[in-house]
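Shown below: model.csv, with CSV, C-alpha atoms.
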chain,number,residue,atom,x,y,z
A,265,MET,CA,0.0,0.0,0.0
A,266,THR,CA,1.4,3.4,-1.0
A,267,THR,CA,2.1,5.8,1.9
A,268,PRO,CA,1.2,9.3,0.6
A,269,ARG,CA,3.1,12.4,1.4
A,270,VAL,CA,1.7,15.9,1.6
A,271,MET,CA,4.5,18.3,0.6
A,272,ASP,CA,4.4,22.1,0.7
A,273,CYS,CA,4.9,23.9,-2.7
A,274,THR,CA,3.7,27.4,-1.9
A,275,ASP,CA,7.2,29.0,-2.2
A,276,PRO,CA,9.4,28.6,-5.3
A,277,SER,CA,12.5,29.0,-3.2
A,278,THR,CA,11.7,26.0,-1.1
A,279,TRP,CA,9.5,23.7,-3.2
A,280,GLY,CA,12.5,22.0,-4.9
A,281,PRO,CA,12.3,18.8,-2.7
A,282,ALA,CA,8.5,18.5,-3.3
A,283,VAL,CA,8.9,18.9,-7.0
A,284,ASP,CA,11.8,16.4,-7.0
A,285,GLU,CA,9.7,13.8,-5.1
A,286,SER,CA,6.8,14.3,-7.5
A,287,VAL,CA,9.0,13.9,-10.6
A,288,ASN,CA,10.5,10.7,-9.1
A,289,ALA,CA,7.0,9.3,-8.2
A,290,LEU,CA,5.6,10.0,-11.7
A,291,GLY,CA,8.7,8.4,-13.2
A,292,ARG,CA,7.9,5.2,-11.2
A,293,GLY,CA,4.4,5.2,-12.5
A,294,GLU,CA,2.8,6.5,-9.3
A,295,LEU,CA,0.2,9.3,-9.0
A,296,VAL,CA,0.6,12.9,-7.8
A,297,VAL,CA,-1.9,15.5,-6.9
A,298,LEU,CA,-0.9,19.0,-8.0
A,299,PRO,CA,-2.4,22.5,-7.7
A,300,THR,CA,-3.7,24.3,-10.8
A,301,ASP,CA,-5.3,27.6,-11.5
A,302,THR,CA,-8.8,26.0,-11.5
A,303,VAL,CA,-9.0,23.0,-9.1
A,304,TYR,CA,-6.5,20.5,-7.8
A,305,GLY,CA,-5.7,17.7,-10.3
A,306,ILE,CA,-4.5,14.1,-10.0
A,307,ALA,CA,-1.7,13.4,-12.4
A,308,ALA,CA,0.0,10.5,-14.1
A,309,ASP,CA,2.7,10.2,-16.8
A,310,ALA,CA,0.7,10.5,-20.0
A,311,PHE,CA,3.0,8.0,-21.7
A,312,ALA,CA,2.7,5.3,-19.0
A,313,PRO,CA,-0.5,3.3,-19.7
A,314,ALA,CA,-0.5,1.5,-16.3
A,315,ALA,CA,-0.2,4.9,-14.5
A,316,VAL,CA,-3.1,6.3,-16.5
A,317,ALA,CA,-5.2,3.2,-15.7
A,318,ALA,CA,-4.3,3.8,-12.0
A,319,LEU,CA,-5.5,7.4,-12.3
A,320,LEU,CA,-8.8,6.3,-13.7
A,321,ALA,CA,-9.2,3.6,-11.0
A,322,ALA,CA,-8.4,6.1,-8.3
A,323,LYS,CA,-11.2,8.3,-9.5
A,324,GLY,CA,-13.6,5.4,-10.0
A,325,ARG,CA,-13.8,6.1,-13.7
A,326,GLY,CA,-13.6,3.8,-16.7
A,327,ARG,CA,-11.7,4.1,-19.9
A,328,GLN,CA,-14.7,5.7,-21.6
A,329,MET,CA,-13.8,8.9,-19.8
A,330,PRO,CA,-10.1,9.6,-20.7
A,331,PRO,CA,-8.2,12.3,-18.8
A,332,PRO,CA,-7.0,15.6,-20.4
A,333,VAL,CA,-3.3,16.3,-20.8
A,334,LEU,CA,-1.6,19.2,-19.2
A,335,VAL,CA,1.5,20.7,-20.9
A,336,SER,CA,3.9,23.5,-19.9
A,337,ASP,CA,4.0,25.4,-23.1
A,338,VAL,CA,1.8,26.2,-26.1
A,339,ARG,CA,4.6,25.0,-28.4
A,340,THR,CA,3.8,21.4,-27.2
A,341,LEU,CA,0.4,21.6,-28.9
A,342,ASP,CA,1.7,20.6,-32.3
A,343,GLY,CA,3.7,17.8,-30.8
A,344,ILE,CA,0.6,16.0,-29.5
A,345,CYS,CA,-2.2,17.4,-31.7
A,346,ASP,CA,-2.6,16.7,-35.5
A,347,GLU,CA,-3.5,19.6,-37.9
A,348,VAL,CA,-4.4,22.2,-35.2
A,349,PRO,CA,-7.0,24.6,-36.6
A,350,GLN,CA,-6.1,28.3,-36.8
A,351,ALA,CA,-9.2,29.1,-34.6
A,352,VAL,CA,-7.6,26.9,-31.8
A,353,ARG,CA,-4.3,28.7,-32.2
A,354,ASP,CA,-6.2,32.0,-31.9
A,355,LEU,CA,-7.9,30.9,-28.7
A,356,VAL,CA,-4.8,29.5,-26.9
A,357,GLU,CA,-2.8,32.6,-27.8
A,358,VAL,CA,-5.3,34.6,-25.7
A,359,PHE,CA,-6.2,32.1,-23.0
A,360,TRP,CA,-3.1,30.0,-22.3
A,361,PRO,CA,-1.8,29.6,-19.7
A,362,GLY,CA,-5.3,29.6,-18.2
A,363,GLY,CA,-8.6,27.9,-17.8
A,364,LEU,CA,-9.3,26.7,-21.4
A,365,THR,CA,-9.0,23.1,-22.5
A,366,VAL,CA,-9.1,22.3,-26.2
A,367,ILE,CA,-10.0,18.9,-27.8
A,368,CYS,CA,-8.1,18.2,-31.0
A,369,ARG,CA,-7.1,15.2,-33.1
A,370,ALA,CA,-4.1,13.5,-31.5
A,371,GLN,CA,-0.9,12.8,-33.3
A,372,PRO,CA,-1.4,9.2,-34.5
A,373,SER,CA,2.3,8.3,-33.8
A,374,LEU,CA,2.0,9.0,-30.0
A,375,ALA,CA,2.8,5.9,-27.9
A,376,TRP,CA,0.2,6.4,-25.2
A,377,ASP,CA,-3.1,5.0,-24.0
A,378,LEU,CA,-5.3,7.5,-22.3
A,379,GLY,CA,-8.5,5.4,-22.7
A,380,GLU,CA,-11.2,5.4,-25.3
A,381,THR,CA,-10.2,8.7,-26.9
A,382,ARG,CA,-11.3,7.9,-30.4
A,383,GLY,CA,-8.1,9.5,-31.7
A,384,THR,CA,-8.6,12.8,-29.8
A,385,VAL,CA,-6.8,14.5,-26.9
A,386,ALA,CA,-7.9,17.3,-24.6
A,387,VAL,CA,-5.0,19.7,-23.9
A,388,ARG,CA,-4.4,22.6,-21.5
A,389,VAL,CA,-1.6,24.8,-20.2
A,390,PRO,CA,-2.4,25.6,-16.5
A,391,ASP,CA,-1.7,29.1,-15.1
A,392,HIS,CA,-0.1,27.9,-11.8
A,393,PRO,CA,3.6,28.3,-11.1
A,394,ALA,CA,4.0,25.0,-9.2
A,395,ALA,CA,2.1,23.0,-11.9
A,396,LEU,CA,4.3,24.6,-14.6
A,397,ALA,CA,7.5,23.9,-12.7
A,398,LEU,CA,6.5,20.2,-12.5
A,399,LEU,CA,5.4,20.0,-16.1
A,400,ARG,CA,8.7,21.4,-17.3
A,401,ARG,CA,10.4,18.5,-15.6
A,402,THR,CA,8.1,15.7,-16.6
A,403,GLY,CA,6.6,16.6,-20.0
A,404,PRO,CA,2.9,16.0,-20.7
A,405,LEU,CA,0.9,14.7,-17.8
A,406,ALA,CA,-2.5,13.0,-17.9
A,407,VAL,CA,-4.5,15.1,-15.3
A,408,SER,CA,-8.0,15.0,-14.1
A,409,SER,CA,-9.7,16.7,-11.3
A,410,ALA,CA,-8.5,15.4,-7.9
A,411,ASN,CA,-11.8,13.8,-6.7
A,412,ARG,CA,-13.7,10.6,-6.9
A,413,THR,CA,-16.2,10.6,-9.8
A,414,GLY,CA,-19.4,12.2,-8.7
A,415,MET,CA,-17.9,14.0,-5.8
A,416,PRO,CA,-16.9,17.7,-5.6
A,417,ALA,CA,-13.7,18.8,-7.1
A,418,ALA,CA,-10.9,19.3,-4.5
A,419,LEU,CA,-9.9,22.9,-3.9
A,420,THR,CA,-7.1,22.0,-1.5
A,421,ALA,CA,-4.6,19.2,-1.2
A,422,HIS,CA,-6.2,17.9,2.0
A,423,GLU,CA,-9.7,17.8,0.3
A,424,ALA,CA,-8.0,15.7,-2.4
A,425,ALA,CA,-6.4,13.4,0.1
A,426,ASP,CA,-9.7,12.9,1.9
A,427,GLN,CA,-11.1,11.5,-1.3
A,428,LEU,CA,-8.1,9.8,-3.0
A,429,GLY,CA,-6.1,8.6,0.0
A,430,SER,CA,-3.3,6.2,-0.5
A,431,SER,CA,-3.9,5.8,-4.3
A,432,VAL,CA,-1.7,8.9,-4.6
A,433,ARG,CA,2.0,9.0,-3.7
A,434,VAL,CA,2.5,12.8,-3.4
A,435,TYR,CA,0.1,15.6,-2.6
A,436,LEU,CA,1.6,19.0,-3.6
A,437,ASP,CA,0.0,21.6,-1.2
A,438,ALA,CA,-0.1,25.1,-2.5
A,439,GLY,CA,-3.1,26.3,-0.4
A,440,ARG,CA,-6.6,26.8,-1.7
A,441,ALA,CA,-7.0,26.7,-5.5
A,442,PRO,CA,-7.3,30.3,-6.7
A,443,GLY,CA,-9.9,29.5,-9.4
A,444,GLY,CA,-12.3,27.0,-7.9
A,445,VAL,CA,-14.0,26.5,-11.2
A,446,ALA,CA,-13.1,23.8,-13.7
A,447,SER,CA,-11.7,24.7,-17.1
A,448,THR,CA,-13.9,25.6,-20.1
A,449,ILE,CA,-13.7,22.8,-22.7
A,450,VAL,CA,-13.9,23.5,-26.5
A,451,ASP,CA,-14.1,20.7,-29.0
A,452,ALA,CA,-12.3,21.4,-32.3
A,453,THR,CA,-12.4,17.9,-33.8
A,454,SER,CA,-15.5,18.3,-36.1
A,455,GLY,CA,-14.8,21.5,-38.0
A,456,ASP,CA,-16.5,24.3,-36.2
A,457,LEU,CA,-15.5,24.9,-32.6
A,458,ARG,CA,-18.1,23.8,-30.0
A,459,LEU,CA,-18.4,24.4,-26.3
A,460,VAL,CA,-18.4,21.1,-24.4
A,461,ARG,CA,-18.3,22.3,-20.9
A,462,ALA,CA,-18.8,25.8,-19.5
A,463,GLY,CA,-16.1,26.8,-17.0
A,464,ALA,CA,-13.4,29.3,-16.1
A,465,VAL,CA,-13.4,31.1,-19.5
A,466,ALA,CA,-16.8,32.6,-20.5
A,467,LEU,CA,-18.3,31.7,-23.8
A,468,ALA,CA,-18.7,35.4,-24.6
A,469,ASP,CA,-14.9,35.8,-24.2
A,470,LEU,CA,-14.2,32.9,-26.5
A,471,ARG,CA,-16.5,34.3,-29.1
A,472,ALA,CA,-14.7,37.7,-28.9
A,473,VAL,CA,-11.7,35.8,-30.4
A,474,THR,CA,-13.3,33.3,-32.8
A,475,PRO,CA,-16.7,31.7,-33.4
A,476,VAL,CA,-17.6,29.0,-30.9
A,477,ALA,CA,-21.0,27.2,-30.9
A,478,ASP,CA,-22.8,26.5,-27.7
A,479,LEU,CA,-24.2,23.0,-27.2
A,480,ASP,CA,-27.6,24.1,-28.5
A,481,GLN,CA,-26.7,27.2,-30.5
A,482,PRO,CA,-25.2,27.9,-33.9
A,483,VAL,CA,-21.7,29.3,-34.5
A,484,GLN,CA,-21.7,33.1,-34.2
A,485,PRO,CA,-20.3,35.3,-36.9
A,486,ARG,CA,-16.6,36.2,-36.6
A,487,PRO,CA,-16.2,39.6,-34.8
A,488,ASP,CA,-14.7,42.6,-36.3
A,489,PRO,CA,-10.9,41.9,-36.3
A,490,SER,CA,-10.2,45.5,-35.4
A,491,ARG,CA,-11.6,45.0,-32.0
A,492,PRO,CA,-9.0,44.1,-29.3
A,493,ALA,CA,-9.1,40.7,-27.7
A,494,PRO,CA,-10.3,40.6,-24.1
A,495,GLU,CA,-7.8,40.4,-21.3
A,496,GLN,CA,-7.1,36.9,-20.0
A,497,GLY,CA,-8.9,36.0,-16.8
A,498,ALA,CA,-7.3,34.5,-13.7
A,499,GLY,CA,-8.8,31.1,-14.4
What is this file in structure tokens?
Amino acid sequence: MTTPRVMDCTDPSTWGPAVDESVNALGRGELVVLPTDTVYGIAADAFAPAAVAALLAAKGRGRQMPPPVLVSDVRTLDGICDEVPQAVRDLVEVFWPGGLTVICRAQPSLAWDLGETRGTVAVRVPDHPAALALLRRTGPLAVSSANRTGMPAALTAHEAADQLGSSVRVYLDAGRAPGGVASTIVDATSGDLRLVRAGAVALADLRAVTPVADLDQPVQPRPDPSRPAPEQGAG
């Protein structure tokens, strides 16, 4: 049985041992809970199928609900996504790092197994310094909200530990999640962009950048390009 560790990562000058321990745990195929700008997430090495399976089991979730992938830099998008639409590039230029997840076609050459993805991948760059510090060390991580399926998303490391317990090796504690709202998800796999889940980035702000259809509404006309894009929110 794994003995979990809750490790402080509030201060970049002292979080080195916590990040090191997390990198080592992920490299061994174990799970880590990390802070993000939205809610706490449970992470696994995206390229370790057994670790991803352990993540899904920890949440009580099946392969039909594959986890998103967090990356540290927008430049990674082309490495894991195939034929990224210009509209997606426009959105991530404004809202990354931040609370926007985009679903694209995955690069067919990737050696991973995130579950029943049907050839797609959901990607985000989080706007949290500790998460980014970890991602720069590990590369892409499969990350889902740090809670049991059907339970509230964890806003602190201790809330995550109460739900996930010893299924996780390291809990990175950075205090209360600043956002508290899950990311907005936009699907770009079928031509027009479509909102899949409302969240940290408002649909109106997305539409100020590029047309995005709501679940039950048509795509809006492209706005006047002379209008400035909105400022990025905190997530």
Kindly indicate which residue among A:Ala406, A:Leu290, A:Val366, A:Leu334 lies nearest to Asp391 in chain A, using only C-alpha atoms for the distances. A:Leu334
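Ranking A:Ala472, A:Val348, A:Val316, A:Val296 by their shortest atom-to-atom distance to Ala370 in chain A, with all atoms listed in the file included, puts A:Val348 first.
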Quick one, how far is CA of Cys273 in chain A from CA of Leu298 in chain A? 9.3 Å
At a cut-off of 12 Å, using only C-alpha atoms, what residues contact Arg339 in chain A? Leave out same-chain residues fewer than 4 positions from it and give the result as a PyMOL selection string. chain A and resi 335+343-345+348+353+356-357+360-361+387-389+404
Near range 409-424 of chain A, within 9 Å and counting only C-alpha atoms, which residues show up once chain neighbours fewer than 2 positions away are dropped, as a VMD selection string? chain A and resid 270 297 to 299 302 to 307 322 to 325 331 407 426 to 429 435 to 446
Looking at all atoms listed in the file, which of A:Leu295, A:Ala314, A:Leu396, A:Ala289 is the one that sits closest to Val338 in chain A?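 Between A:Leu295, A:Ala314, A:Leu396, A:Ala289, the residue approaching Val338 in chain A most closely is A:Leu396.
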